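To keep things clear, I will list the structure first and then write my remarks on it.
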Amino acid sequence: MASTTPLLNRQTASDFIRRRFPRKQLTTAITLILCSGQLWADSCGNTRALDWVPACDLSPEQRAQLRPGCNGMYVAPINPSPDALLSPDEAPTKVSADSTEITDKNSAKFVGDVVINQGSRQIFADEARADNSSDILELEGNVTVRDSGILMLGESGYFNSADGTGTINEAEFVIHQAAVRGDAEHLSKTGEMTTELYNSSYTRCAPGSNDWYMQATDIKLEHDEGVGTAKHAKLYIKDVPVAYIPYFTFPIDDRRKSGFLWPTIGTAKGGNGLDITVPYYFNLAENYDATLAPRYIHGRGLSTELETRYLNKYSEWVFSGAYLDDEEYEDTRWLVGVQEQGDINGLKHRIDYTKVSDDDYLNDISAESLDVKRQTHLDQKAELWYNTYGLTFKAKAQQYQTINDTVNEPYQMLPRLEVNTTGFPEGNQFNWLLVSEFTDFAHNDDNKIQGQRLYLEPGISYTFESRWGYLTPTAKVRSLHYQLDDETGNPNENREDYSPSTTAGMASVEAGLFFDRDLNLFGSGYTQTLEPRAFYLYSQYEDQSDNPLFDTGELTFSYNQLFRDTRFSGHDLIDDANQISAGVTTRFIDNSTGIERASFSLGQIYYFDERKVGLDSSSETDFAIDSRQSDIAGEASFRPTENLRFISNILWDTELNETKQGNITMRYNANDYALLNLSYRTATGDDYYVTETDGSKTLYKGDTNQSDISGVIPINDNWAFIGRYNYDHSNKRSLEEIAGIEYNSCCWKTQLVYQKGIDGNNEVEHGVYLHFQLKGLGGVGNGLDLDDSIVGFEEREEHDK
């Protein structure tokens, strides 16, 4: 051994304790140091075993790191040695004991509260015999070893201080980072990062709880790889053996590991029969993996689903696929999907492609194990874009597979090319503006107009800017040119010009002021701002009755729409305008945190002339919108705490003196994993018919009048309720219902959920899903399609993995 100097005498121990802990915790602290973490008395009135610290004794920072369902965590006590940050092979060996006996020139015996410290490694025992010639320490009585993030306890053993190997008999152990513990007849450290257990058990349950554990004749833990290997393993749940596995590997930290994921069990579509998926995860390499998911669906047969992920320095890819020889459908059915995004020296690119064998695939067969999104149109697109010197170059090809017969198929863009700039953001200088776009529109329906469109929008602006406000005049020319293939499907059969074009000038002036004042509310300091804003817009009117409508729609009116220079999405129409918008925003900013606690905005547009260009002006008629003022648009947000938010928007019809559109939403997301979302929406709309599967038509009211409540509500530390109820008051029907229960502890979790909703074809679908996870033994089976139903659910589930 390098040296045998005392590590910590009784007086220095007392001084350290008094510096480290307040007087009211002095007794607790003394117990902590002298017992070395084996058994601590805590201020919660409980017992700390194996470095387990109850939640009530954790610091706020530690409580924020608690795993869901856990009422505590493993925390190693601070090593007071000045060499604690050194590795054992870099630090001298220091020993203290009640008495020391030198037996010969190479051996020594230490008796009574033996403490051996070698850098980050600590060893405690009642007695120890040291042999300097072999670097072997023989340990007897209440042996404790702390080394490489592991706590090991036992009755006796030996340790090699040179290479960190050794054996402890009748051992218990804790791996802090992995939050696992166990016991063994013999525990051997065969290397710095390798632990072998003989006739042992292993669990991630908290001390005093063995809801599940694994027993095996041999367990090998390779900490550098994050992998455990068990031979002749038996899995016990509540002391009942449920499985025997001759050879079994499992993860001991958050790194990926090949193996079976826990199955998804639910009911088949329509609620009849079993739907079970048993995924197997392949950790093929550091940068790519795969999940193969055989799936049995009652009445349909065996499906195979495969998802592969690949990552390189330029991009990340996800390939998805599914195949089913459907007994009920009496045909083969399949799904393919590709998602990619990346960057090659500033050239960004993205691919999103999904295709199914038939329109009813996602209605009949959900795809929980695959990274595909359910919608009425399956996107199939590829994009490239590059930014340089304030210019953005874009290229995109996009088409869709429409899987809902009640909606129209969009046009394909084969391709779309863009060059855009918004100038430089600095004020008090000229900014050159440009929007340019060329698109080739195609459609599967030959009766639809098809052709090319070129849109150009050059302009210039200048911003006069100061601390108290700004003024930005802008001038643009908007030019639109078509080259249509032929007159097929043309709404105006007498038209001779099939290459229509439109050019119109546009000018605008935007101005805003900033005021602020200090404010004291409820004993706290705030800064309140007042931000009045005005926007004048003029755009020439040009007849555009010959223009087709490829991708143009009317933008949803809101407060932000008051200050936009167009009322349309897409570029098939150049809107006319002679109007001024006025709005005001006030904000309340918490001076202590800088967080915006509340904001309120209100505004309106005043029209000097009628608007003649609209989606209904397909021919030159007397079409005009003669209202002299827009709806009053308002929005508000309120954030009283970090976890609670309120958001509201409203449109007030000044002619009818009624709410045209409005919503109010509350979001609550607590640190104890509680989620609660409340919302109410109202809007006026036209009645519509929906064609049912039997060919009949059902009339539905177009007015929106919906309330929605969803969330995950904890019942206690382990149990929680999962639910959602979305109700359509106008048509007196529920749109989605979810009811479920969750049990979550440190070592296992289960969710049983019933889900009912209306699909894209206006059909009611429902299912029951069972999700089960033994934490510490593998991945998580999903099966719960709730990410789009409950806001915040996906983030909560990710945190619990």
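Identifiers in this document derive from the order of the structure tokens: chains are assigned A, B, ..., residues are numbered from 1 separately in each chain, and ligands are numbered from 1 in order of occurrence.
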Those of stretch 165-385 of chain A in DSSP helix (DSSP H, G or I), formatted as a PyMOL selection string
chain A and resi 361-364
Just want the 9 Å neighbourhood of A:Gln540, counted on only C-alpha atoms, with same-chain residues fewer than 5 positions away dropped. Output as a ChimeraX atom specification.
/A:503-506,574-578
Who sits within 7 Å of stretch 194-196 of chain A, only C-alpha atoms, same chain under 5 positions skipped, as a PDB file with C-alpha atoms, in the first residue's frame:
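Written out: part_29.pdb:
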```pdb
ATOM      1  CA  LEU A 187     -20.798 -10.804  -5.132  1.00  0.00           C
ATOM      2  CA  SER A 188     -17.572 -10.437  -7.091  1.00  0.00           C
ATOM      3  CA  LYS A 189     -16.085  -7.389  -8.769  1.00  0.00           C
ATOM      4  CA  ILE A 219     -25.928 -12.593 -13.059  1.00  0.00           C
ATOM      5  CA  LYS A 220     -23.235 -10.533 -14.752  1.00  0.00           C
ATOM      6  CA  LEU A 221     -23.497  -6.740 -14.795  1.00  0.00           C
ATOM      7  CA  GLU A 222     -21.334  -4.900 -17.346  1.00  0.00           C
ATOM      8  CA  HIS A 223     -21.609  -1.261 -16.325  1.00  0.00           C
TER       9      HIS A 223
END
```
